[in-house]
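As stored in run_0.cif (mmCIF, C-alpha atoms and all ligand atoms):
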```
data_target
loop_
_atom_site.label_atom_id
_atom_site.label_comp_id
_atom_site.auth_asym_id
_atom_site.auth_seq_id
_atom_site.Cartn_x
_atom_site.Cartn_y
_atom_site.Cartn_z
CA MET A 1 -50.52 7.56 -20.99
CA GLU A 2 -53.88 9.37 -21.09
CA LEU A 3 -52.70 12.10 -18.73
CA PHE A 4 -55.97 13.98 -18.33
CA GLN A 5 -57.81 10.73 -17.71
CA HIS A 6 -55.44 10.07 -14.80
CA ILE A 7 -55.85 13.53 -13.27
CA LYS A 8 -59.55 13.96 -13.96
CA ASN A 9 -60.46 14.22 -10.26
CA HIS A 10 -57.71 16.72 -9.43
CA GLU A 11 -57.77 20.50 -9.62
CA LEU A 12 -54.11 20.97 -10.48
CA VAL A 13 -51.02 18.84 -11.05
CA MET A 14 -47.60 20.47 -11.45
CA PHE A 15 -44.26 19.08 -12.57
CA PHE A 16 -41.06 20.78 -11.42
CA ASN A 17 -37.62 20.23 -12.84
CA ASP A 18 -34.20 21.61 -11.93
CA SER A 19 -31.55 19.76 -13.90
CA GLU A 20 -28.65 21.41 -12.05
CA CYS A 21 -29.47 19.68 -8.79
CA ASN A 22 -31.45 16.72 -10.20
CA LEU A 23 -34.75 17.86 -8.81
CA LYS A 24 -37.81 16.14 -10.21
CA ALA A 25 -40.94 16.87 -8.22
CA ILE A 26 -44.68 16.55 -8.71
CA ILE A 27 -47.20 18.53 -6.68
CA ALA A 28 -50.85 17.52 -6.90
CA ILE A 29 -53.73 19.59 -5.56
CA HIS A 30 -56.82 17.44 -5.32
CA ASN A 31 -59.58 19.61 -3.90
CA THR A 32 -59.60 23.03 -2.21
CA THR A 33 -63.31 23.40 -1.45
CA LEU A 34 -62.64 23.33 2.30
CA GLY A 35 -59.49 25.48 2.23
CA THR A 36 -55.89 25.80 1.08
CA ALA A 37 -54.29 22.54 0.00
CA MET A 38 -52.08 21.01 2.68
CA GLY A 39 -49.97 17.89 2.31
CA ALA A 40 -46.52 16.69 3.16
CA THR A 41 -43.64 16.03 0.78
CA ARG A 42 -42.37 12.50 0.20
CA LEU A 43 -38.98 11.73 -1.30
CA PHE A 44 -38.79 8.29 -2.84
CA PRO A 45 -36.77 6.40 -5.48
CA TYR A 46 -39.83 5.59 -7.61
CA LYS A 47 -39.23 2.93 -10.24
CA SER A 48 -40.89 5.11 -12.86
CA GLU A 49 -42.36 8.58 -13.28
CA GLU A 50 -45.76 6.94 -13.70
CA ASP A 51 -45.41 5.32 -10.27
CA ALA A 52 -44.59 8.72 -8.78
CA LEU A 53 -47.60 10.31 -10.45
CA LYS A 54 -49.88 7.50 -9.29
CA ASP A 55 -48.61 7.90 -5.73
CA VAL A 56 -49.00 11.67 -5.58
CA LEU A 57 -52.52 11.46 -7.02
CA ARG A 58 -53.63 8.86 -4.48
CA LEU A 59 -51.94 10.63 -1.58
CA SER A 60 -53.41 14.04 -2.40
CA TYR A 61 -56.88 12.50 -2.76
CA GLY A 62 -56.42 11.02 0.73
CA MET A 63 -55.46 14.44 2.13
CA THR A 64 -58.76 15.97 1.01
CA TYR A 65 -60.64 13.22 2.84
CA LYS A 66 -58.32 13.41 5.85
CA ALA A 67 -58.94 17.15 6.30
CA ALA A 68 -62.69 16.75 5.79
CA CYS A 69 -63.08 13.86 8.27
CA ALA A 70 -60.98 15.80 10.81
CA ASP A 71 -63.28 18.79 10.27
CA LEU A 72 -60.49 21.17 9.22
CA ASN A 73 -60.77 24.11 6.84
CA ALA A 74 -58.07 22.67 4.61
CA GLY A 75 -57.92 21.11 1.18
CA GLY A 76 -55.97 18.13 -0.08
CA GLY A 77 -52.59 18.21 -1.76
CA LYS A 78 -49.36 16.25 -1.74
CA ALA A 79 -45.88 16.42 -3.22
CA VAL A 80 -43.38 13.77 -4.25
CA ILE A 81 -39.72 14.20 -5.12
CA ILE A 82 -38.35 11.44 -7.33
CA ALA A 83 -34.93 10.69 -5.83
CA ASP A 84 -32.91 8.21 -3.89
CA PRO A 85 -32.58 9.37 -0.26
CA LYS A 86 -28.79 9.10 -0.60
CA ASP A 87 -28.91 11.75 -3.36
CA LYS A 88 -30.76 14.24 -1.16
CA THR A 89 -28.64 17.40 -1.02
CA PRO A 90 -29.16 20.86 0.51
CA GLU A 91 -29.19 22.25 -3.05
CA LEU A 92 -32.00 19.89 -4.09
CA LEU A 93 -34.06 20.78 -1.02
CA LYS A 94 -33.51 24.49 -1.55
CA ALA A 95 -34.48 24.23 -5.21
CA TYR A 96 -37.62 22.40 -4.09
CA GLY A 97 -38.29 25.21 -1.58
CA ARG A 98 -38.21 27.71 -4.45
CA CYS A 99 -40.80 25.60 -6.32
CA ILE A 100 -43.09 25.69 -3.28
CA ASN A 101 -42.54 29.44 -2.96
CA SER A 102 -43.49 30.03 -6.59
CA LEU A 103 -47.00 28.76 -5.74
CA LYS A 104 -47.45 31.75 -3.38
CA GLY A 105 -49.30 29.81 -0.70
CA ARG A 106 -51.57 27.64 -2.84
CA PHE A 107 -49.88 24.60 -1.30
CA ILE A 108 -48.54 24.19 2.23
CA THR A 109 -46.18 21.31 2.87
CA GLY A 110 -44.28 19.44 5.56
CA GLN A 111 -42.51 16.20 6.40
CA ASP A 112 -43.26 12.72 5.05
CA VAL A 113 -41.28 9.56 4.18
CA ASN A 114 -37.54 10.31 3.72
CA ILE A 115 -37.99 13.98 4.61
CA SER A 116 -36.82 14.91 8.10
CA VAL A 117 -37.46 17.99 10.22
CA GLU A 118 -33.93 19.13 9.28
CA ASP A 119 -34.88 18.77 5.60
CA VAL A 120 -38.03 20.84 6.12
CA ASN A 121 -35.87 23.49 7.77
CA GLN A 122 -33.64 23.46 4.70
CA ILE A 123 -36.71 23.89 2.45
CA ARG A 124 -37.84 26.71 4.74
CA THR A 125 -34.79 28.77 3.89
CA GLU A 126 -36.52 29.40 0.53
CA THR A 127 -40.19 29.55 1.51
CA HIS A 128 -42.54 30.19 4.40
CA TYR A 129 -45.15 27.79 3.07
CA VAL A 130 -44.02 24.90 5.26
CA VAL A 131 -45.32 23.53 8.55
CA GLY A 132 -44.17 21.18 11.29
CA VAL A 133 -41.02 23.12 12.10
CA SER A 134 -41.98 25.22 15.13
CA GLN A 135 -44.66 24.31 17.68
CA ALA A 136 -46.22 21.29 16.02
CA ASN A 137 -44.80 17.78 16.28
CA PRO A 138 -46.69 15.94 13.52
CA THR A 139 -45.12 12.50 13.98
CA GLN A 140 -45.95 12.43 17.68
CA ALA A 141 -49.45 13.77 16.93
CA THR A 142 -49.97 11.05 14.32
CA ALA A 143 -48.93 8.36 16.80
CA ILE A 144 -51.31 9.77 19.43
CA GLY A 145 -54.15 9.68 16.89
CA VAL A 146 -53.37 6.09 15.93
CA LEU A 147 -53.44 5.05 19.58
CA GLU A 148 -56.83 6.79 19.96
CA GLY A 149 -58.04 4.85 16.91
CA MET A 150 -56.85 1.56 18.39
CA LYS A 151 -58.66 2.34 21.64
CA ALA A 152 -61.88 3.17 19.75
CA SER A 153 -61.60 -0.13 17.82
CA VAL A 154 -61.05 -2.16 20.99
CA ASP A 155 -63.95 -0.41 22.78
CA PHE A 156 -66.20 -1.01 19.78
CA LEU A 157 -65.35 -4.69 19.27
CA TRP A 158 -64.77 -5.75 22.86
CA PRO A 159 -66.49 -3.28 25.23
CA GLY A 160 -64.84 -3.23 28.66
CA ARG A 161 -61.62 -4.81 27.46
CA LYS A 162 -58.35 -2.98 28.19
CA MET A 163 -55.40 -2.52 25.86
CA LYS A 164 -53.21 -4.28 28.42
CA GLY A 165 -52.30 -7.78 27.29
CA LEU A 166 -53.47 -7.32 23.68
CA LYS A 167 -51.07 -8.42 20.95
CA VAL A 168 -50.17 -5.70 18.45
CA ALA A 169 -48.04 -6.04 15.31
CA VAL A 170 -46.45 -2.84 14.04
CA GLN A 171 -45.19 -2.92 10.46
CA GLY A 172 -42.53 -0.21 10.10
CA VAL A 173 -40.97 1.45 13.14
CA GLY A 174 -39.74 4.69 11.60
CA ASN A 175 -40.76 8.18 12.76
CA VAL A 176 -44.36 7.33 13.65
CA GLY A 177 -44.04 3.60 14.35
CA LYS A 178 -41.37 3.99 17.00
CA ILE A 179 -43.39 6.60 18.96
CA LEU A 180 -46.45 4.39 18.65
CA CYS A 181 -44.43 1.49 20.14
CA GLU A 182 -43.47 3.72 23.06
CA TYR A 183 -47.14 4.49 23.75
CA LEU A 184 -48.22 0.87 23.27
CA ASN A 185 -45.52 -0.24 25.68
CA LYS A 186 -47.00 2.16 28.28
CA GLU A 187 -50.38 0.49 27.66
CA ARG A 188 -48.63 -2.82 28.38
CA VAL A 189 -49.52 -4.52 25.11
CA GLU A 190 -47.44 -7.36 23.72
CA LEU A 191 -45.49 -5.90 20.80
CA PHE A 192 -44.39 -7.52 17.53
CA VAL A 193 -42.43 -5.36 15.11
CA SER A 194 -40.91 -5.58 11.66
CA ASP A 195 -38.80 -3.13 9.69
CA ASN A 196 -36.70 -3.38 6.55
CA LYS A 197 -34.01 -1.63 8.57
CA ILE A 198 -33.30 -4.29 11.17
CA GLU A 199 -31.57 -1.85 13.55
CA ARG A 200 -34.88 0.00 13.96
CA ALA A 201 -36.68 -3.22 14.95
CA GLU A 202 -33.81 -4.08 17.30
CA GLU A 203 -34.19 -0.73 19.04
CA MET A 204 -37.84 -1.63 19.80
CA LYS A 205 -36.75 -5.03 21.14
CA TYR A 206 -34.16 -3.39 23.36
CA LYS A 207 -36.42 -0.57 24.61
CA TYR A 208 -39.82 -2.28 24.87
CA GLY A 209 -39.18 -6.00 24.70
CA ALA A 210 -40.80 -6.25 21.26
CA THR A 211 -40.56 -9.51 19.34
CA ILE A 212 -38.90 -8.99 15.97
CA VAL A 213 -40.69 -10.52 12.99
CA SER A 214 -39.34 -10.55 9.44
CA PRO A 215 -41.07 -8.15 7.00
CA SER A 216 -42.43 -11.10 5.02
CA GLU A 217 -43.94 -12.82 8.08
CA ILE A 218 -45.55 -9.87 9.86
CA PHE A 219 -48.92 -10.54 8.15
CA ASP A 220 -49.11 -14.12 9.43
CA ILE A 221 -48.66 -13.73 13.14
CA ASP A 222 -51.53 -14.26 15.52
CA VAL A 223 -52.26 -10.79 16.93
CA ASP A 224 -55.31 -8.72 17.89
CA ILE A 225 -54.28 -5.56 16.05
CA PHE A 226 -52.25 -5.15 12.88
CA SER A 227 -50.77 -1.65 12.56
CA PRO A 228 -49.38 -0.69 9.14
CA CYS A 229 -46.91 2.15 9.72
CA ALA A 230 -44.63 1.67 6.71
CA LEU A 231 -45.70 2.41 3.14
CA GLY A 232 -49.01 2.29 1.29
CA GLY A 233 -50.60 -0.40 -0.87
CA ILE A 234 -49.62 -3.22 1.48
CA LEU A 235 -53.11 -4.64 1.97
CA ASN A 236 -54.35 -6.58 -1.03
CA SER A 237 -56.46 -9.71 -1.41
CA SER A 238 -53.59 -12.17 -0.91
CA VAL A 239 -52.26 -10.41 2.20
CA ILE A 240 -55.75 -9.92 3.69
CA HIS A 241 -56.36 -13.70 3.52
CA ARG A 242 -53.23 -14.23 5.65
CA LEU A 243 -54.18 -11.76 8.43
CA LYS A 244 -55.26 -13.12 11.80
CA ALA A 245 -55.82 -9.72 13.43
CA SER A 246 -59.34 -8.47 14.23
CA ILE A 247 -58.40 -4.79 13.84
CA ILE A 248 -56.34 -2.81 11.34
CA ALA A 249 -55.21 0.48 12.80
CA GLY A 250 -52.07 2.17 11.51
CA SER A 251 -50.50 5.39 10.29
CA ALA A 252 -49.59 4.47 6.72
CA ASN A 253 -51.33 6.38 3.95
CA ASN A 254 -53.20 4.41 1.26
CA GLN A 255 -52.99 1.10 3.08
CA LEU A 256 -55.40 -0.64 0.70
CA GLU A 257 -54.21 -1.51 -2.77
CA ASN A 258 -57.79 -1.24 -4.03
CA TYR A 259 -60.10 0.94 -1.90
CA GLN A 260 -63.34 -0.77 -2.89
CA THR A 261 -62.55 -4.44 -3.17
CA ASP A 262 -60.07 -4.60 -0.29
CA SER A 263 -62.31 -2.75 2.18
CA LYS A 264 -65.17 -5.12 1.27
CA LEU A 265 -62.91 -8.13 1.67
CA LEU A 266 -61.82 -6.94 5.12
CA GLU A 267 -65.43 -6.47 6.13
CA SER A 268 -66.40 -9.92 4.85
CA LYS A 269 -63.59 -11.43 6.93
CA GLY A 270 -64.87 -9.61 10.04
CA ILE A 271 -61.79 -7.41 10.31
CA LEU A 272 -62.48 -3.92 11.62
CA TYR A 273 -60.66 -1.46 9.37
CA CYS A 274 -59.86 2.04 10.62
CA PRO A 275 -59.87 4.11 7.40
CA ASP A 276 -56.28 5.34 7.05
CA TYR A 277 -57.14 8.94 6.36
CA VAL A 278 -59.23 9.11 9.54
CA ILE A 279 -56.89 7.39 11.98
CA ASN A 280 -53.68 9.06 10.76
CA ALA A 281 -55.00 12.63 10.76
CA GLY A 282 -53.17 13.62 13.98
CA GLY A 283 -50.17 15.08 12.15
CA LEU A 284 -52.31 17.13 9.77
CA ILE A 285 -54.41 18.44 12.67
CA ASP A 286 -51.28 19.50 14.55
CA VAL A 287 -49.70 21.35 11.61
CA TYR A 288 -53.04 22.90 10.66
CA TYR A 289 -53.11 24.54 14.10
CA GLU A 290 -49.49 25.62 13.68
CA ARG A 291 -50.55 27.35 10.47
CA ILE A 292 -53.55 29.20 11.91
CA GLY A 293 -51.89 30.08 15.24
CA TYR A 294 -50.83 27.25 17.51
CA ASP A 295 -53.08 26.38 20.43
CA GLU A 296 -51.88 23.12 21.96
CA GLN A 297 -55.10 22.49 23.84
CA LYS A 298 -57.26 22.94 20.75
CA ALA A 299 -54.93 20.80 18.63
CA PHE A 300 -54.86 17.96 21.14
CA TYR A 301 -58.60 18.12 21.71
CA LYS A 302 -59.06 17.68 17.95
CA ILE A 303 -56.53 14.83 17.79
CA HIS A 304 -58.37 12.98 20.55
CA GLN A 305 -61.61 13.48 18.56
CA ILE A 306 -60.28 10.79 16.21
CA TYR A 307 -61.64 8.33 18.79
CA THR A 308 -65.16 9.81 18.50
CA THR A 309 -65.09 10.06 14.72
CA LEU A 310 -64.06 6.43 14.38
CA MET A 311 -66.72 5.31 16.87
CA GLU A 312 -69.33 7.09 14.75
CA ILE A 313 -67.96 5.44 11.60
CA PHE A 314 -67.95 1.94 13.17
CA THR A 315 -71.48 2.37 14.54
CA ARG A 316 -72.91 3.65 11.28
CA ALA A 317 -71.09 1.01 9.23
CA LYS A 318 -72.65 -1.71 11.34
CA ALA A 319 -76.14 -0.17 11.28
CA GLU A 320 -76.11 0.63 7.56
CA GLN A 321 -74.27 -2.58 6.57
CA LYS A 322 -71.58 -0.64 4.78
CA THR A 323 -67.82 -0.71 5.01
CA THR A 324 -66.07 1.71 7.37
CA LEU A 325 -64.43 3.28 4.32
CA GLU A 326 -67.79 3.93 2.64
CA ILE A 327 -69.05 5.68 5.77
CA ALA A 328 -65.86 7.75 6.16
CA LYS A 329 -66.08 8.80 2.52
CA SER A 330 -69.74 9.76 2.82
CA ILE A 331 -69.01 11.92 5.93
CA ALA A 332 -66.26 13.74 4.02
CA ASP A 333 -68.29 14.05 0.79
CA GLU A 334 -71.17 15.59 2.71
CA LYS A 335 -68.87 18.21 4.29
CA ILE A 336 -67.35 19.08 0.92
CA PHE A 337 -70.79 19.26 -0.73
CA LYS A 338 -72.14 21.59 1.99
CA ALA A 339 -69.08 23.85 1.76
CA LYS A 340 -69.43 24.05 -2.01
CA LYS A 341 -73.12 24.95 -1.77
CA SER A 342 -72.38 27.59 0.86
CA THR A 343 -69.67 29.16 -1.34
CA GLU A 344 -72.06 29.17 -4.31
CA ARG A 345 -74.79 30.83 -2.20
CA ASN A 346 -72.36 33.51 -0.99
CA PHE A 347 -71.14 34.10 -4.54
CA ASN A 348 -74.73 34.47 -5.83
CA ARG A 349 -75.61 36.86 -3.01
CA TYR A 350 -72.54 38.96 -3.79
CA SER A 351 -73.26 38.97 -7.58
CA ASN A 352 -76.91 39.96 -7.02
CA LYS A 353 -75.81 42.89 -4.86
CA LYS A 354 -73.54 44.08 -7.65
P1 LIG B 1 -40.60 6.51 8.01
O1 LIG B 1 -39.98 6.44 6.68
O2 LIG B 1 -39.92 7.26 9.10
O3 LIG B 1 -40.91 5.05 8.56
C1 LIG B 1 -41.32 4.00 7.74
C2 LIG B 1 -40.57 2.77 8.21
O4 LIG B 1 -41.11 1.64 7.53
C3 LIG B 1 -39.07 2.79 7.90
O5 LIG B 1 -38.36 2.49 9.07
C4 LIG B 1 -38.88 1.74 6.82
O6 LIG B 1 -37.63 1.09 6.91
C5 LIG B 1 -40.01 0.78 7.15
N1 LIG B 1 -40.50 -0.05 6.04
C6 LIG B 1 -40.69 0.29 4.75
N2 LIG B 1 -41.20 -0.75 4.06
C7 LIG B 1 -41.37 -1.76 4.95
C8 LIG B 1 -41.86 -3.08 4.88
N3 LIG B 1 -42.34 -3.59 3.74
N4 LIG B 1 -41.87 -3.84 5.99
C9 LIG B 1 -41.41 -3.35 7.17
N5 LIG B 1 -40.92 -2.10 7.30
C10 LIG B 1 -40.91 -1.32 6.22
O7 LIG B 1 -42.08 7.13 7.78
P2 LIG B 1 -43.06 7.73 8.87
O8 LIG B 1 -42.95 9.21 8.89
O9 LIG B 1 -42.94 6.97 10.13
O10 LIG B 1 -44.48 7.41 8.20
C11 LIG B 1 -44.95 6.06 8.16
C12 LIG B 1 -46.25 6.03 7.37
O11 LIG B 1 -47.22 6.88 8.01
C13 LIG B 1 -46.12 6.55 5.93
O12 LIG B 1 -47.00 5.83 5.10
C14 LIG B 1 -46.59 7.99 6.03
O13 LIG B 1 -47.07 8.48 4.81
C15 LIG B 1 -47.67 7.87 7.07
N6 LIG B 1 -47.96 9.08 7.79
C16 LIG B 1 -46.95 9.73 8.43
C17 LIG B 1 -47.24 10.90 9.12
C18 LIG B 1 -46.17 11.64 9.86
O14 LIG B 1 -46.49 12.57 10.60
N7 LIG B 1 -44.90 11.28 9.71
C19 LIG B 1 -48.55 11.39 9.16
C20 LIG B 1 -49.56 10.68 8.51
C21 LIG B 1 -49.25 9.53 7.83
#
```

Would you mind writing the structure in this file as structure tokens?
Amino acid sequence: MELFQHIKNHELVMFFNDSECNLKAIIAIHNTTLGTAMGATRLFPYKSEEDALKDVLRLSYGMTYKAACADLNAGGGKAVIIADPKDKTPELLKAYGRCINSLKGRFITGQDVNISVEDVNQIRTETHYVVGVSQANPTQATAIGVLEGMKASVDFLWPGRKMKGLKVAVQGVGNVGKILCEYLNKERVELFVSDNKIERAEEMKYKYGATIVSPSEIFDIDVDIFSPCALGGILNSSVIHRLKASIIAGSANNQLENYQTDSKLLESKGILYCPDYVINAGGLIDVYYERIGYDEQKAFYKIHQIYTTLMEIFTRAKAEQKTTLEIAKSIADEKIFKAKKSTERNFNRYSNKK
């Protein structure tokens, strides 16, 4: 593997090992122009170390763009622990906490797939550089942001139409997906759900009258909105050709297998794509405010801004004949560029004074 070729867009990639408790973790810091790197920790039984590296690189890249589009003074980072969830022990989590602590605040982390609030609390026994354990509720905030994104999409495509009566398919009803279903049920949409863990789908059927669809068939059903809330990389050319939805709006990170070709394919099929790192920023916004001093009003105002940001992206994409992803990226790139220039100016001013 040409390692440096793989990490050429990242500032720092670190590998942590603790053989005593079988800890293998990778932390990637993508870009800190806007602030300290923030990004949750995912625990996953990756098939190979290369898969884990690929995932952490893509996820940390997404965090830089998520923070920038949400207008936060935060940079992008992410961590993955290579392990089967059944092998997760307090010792492993504590050892991981010591790894985070050794970075002395260069990376702030929290909860992602297979890491619960209890796990974050375990990590916190070894380090203060964790978020999402006191005032913030990142999963709820993410679900609120996704709902805002769905509303923006509906208002953009079908002005005047209500959520009530729309058909929505939710792929994955874990931490975020199940809260999203609760909110969608309040909006009186018709729910279709799938989950690899059938008991989770059954809970949604029992609570909200959702129709259960098998994980392999969720892409084929005739719905208005498809909401990916499971894992990344699920939208590729063969899946996109099966979709009947007009809108894609979900919490999963890295939904597109290939950013460029898949976003263009979605556009050519007339499917409105909410860029994942814009629509799922609610959790990051919430924990960012926890970090700088929690102010619920400010945090929720910012989470609801996801509606406005997406409206701007949809409007510009239409006017400039670009994909929604291209517009989102250009908004973020511009913010990062301006911040870099401002830092350089301040540095030059300071050096000239000396
Ligand atoms: P989770 O692990 O609690 O839930 C994911 C669910 O998807 C699980 O129930 C799992 O069984 C199911 N699943 C996995 N593969 C599936 C498949 N192919 N078909 C159907 N179901 C499948 O994770 P979560 O915290 O709810 O996060 C969901 C997604 O949202 C992840 O991609 C995560 O990175 C992203 N995200 C989460 C947050 C957050 O605050 N938790 C914030 C931003 C983004």

TODO: Would you mind reading off the distance between CA of Val213 (chain A) and CA of Ser194 (chain A), one decimal, in Å?
DONE: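 So the answer is 5.1 Å.
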
Task: Atom pair CA of Leu265 (chain A) / CA of Glu326 (chain A): separation (Å) - done: 13.0 Å

Need to verify the contact set: region 112-119 of chain A, 8 Å, all atoms listed in the file, exclusion of same-chain residues closer than 6 positions in sequence. Can you return it as a PDB file with C-alpha atoms, in the coordinates of the input?
```pdb
ATOM      1  CA  ALA A  40     -46.520  16.690   3.160  1.00  0.00           C
ATOM      2  CA  THR A  41     -43.640  16.030   0.780  1.00  0.00           C
ATOM      3  CA  ARG A  42     -42.370  12.500   0.200  1.00  0.00           C
ATOM      4  CA  LEU A  43     -38.980  11.730  -1.300  1.00  0.00           C
ATOM      5  CA  PHE A  44     -38.790   8.290  -2.840  1.00  0.00           C
ATOM      6  CA  PRO A  85     -32.580   9.370  -0.260  1.00  0.00           C
ATOM      7  CA  PRO A  90     -29.160  20.860   0.510  1.00  0.00           C
ATOM      8  CA  LEU A  93     -34.060  20.780  -1.020  1.00  0.00           C
ATOM      9  CA  GLY A 132     -44.170  21.180  11.290  1.00  0.00           C
ATOM     10  CA  VAL A 133     -41.020  23.120  12.100  1.00  0.00           C
TER      11      VAL A 133
END
```

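One distance worth recording is that between CA of Gln305 (chain A) and CA of Ala143 (chain A), which is 13.8 Å.
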
- [ ] Would you please work out which residue, of A:Lys24, A:Lys178, A:Lys244, A:Lys88, is nearest to Leu266 (chain A) when using all atoms listed in the file?
- [x] A:Lys244

Open item on the list: With distances taken over only C-alpha atoms, which residue among A:Cys21, A:Ala249, A:Leu103, A:Ala299 lies nearest Asp87 (chain A)?
Closed with: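 Among A:Cys21, A:Ala249, A:Leu103, A:Ala299, it is A:Cys21 that comes nearest to Asp87 (chain A).
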
- [ ] Identify which of the residues A:Ala136, A:Thr89, A:Lys298, A:Ile247 lies closest to Leu166 (chain A), counting all atoms listed in the file when measuring atom-to-atom distances.
- [x] A:Ile247

- [ ] Select, from A:Ser246, A:Ser102, A:Ser251, A:Ser134, the residue with the minimum atom-to-atom distance to Gln171 (chain A), counting all atoms listed in the file.
- [x]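 Closest to Gln171 (chain A) of all the choices is A:Ser251.
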
- [ ] Go through the chains and note each residue within 9 Å of ligand LIG 1 (chain B), using all atoms listed in the file, then give the set as a VMD selection string.
- [x] chain A and resid 40 42 59 110 to 116 132 137 to 143 170 to 179 193 to 198 200 to 201 214 to 216 218 228 to 232 234 250 to 255 276 to 277 279 to 284

- [ ] Tell me which of A:Ile27, A:Met14, A:Met163, A:Ala68 sits closest to Lys335 (chain A), counting only C-alpha atoms.
- [x]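 Checking each candidate against Lys335 (chain A), we get A:Ala68 as the closest.
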
- [ ] Using all atoms listed in the file, give me every residue within 9 Å of (-55.9, 24.9, 5.6) in file coordinates, as a ChimeraX atom specification.
- [x] /A:32,34-38,67,72-76,108,288-289,291-292
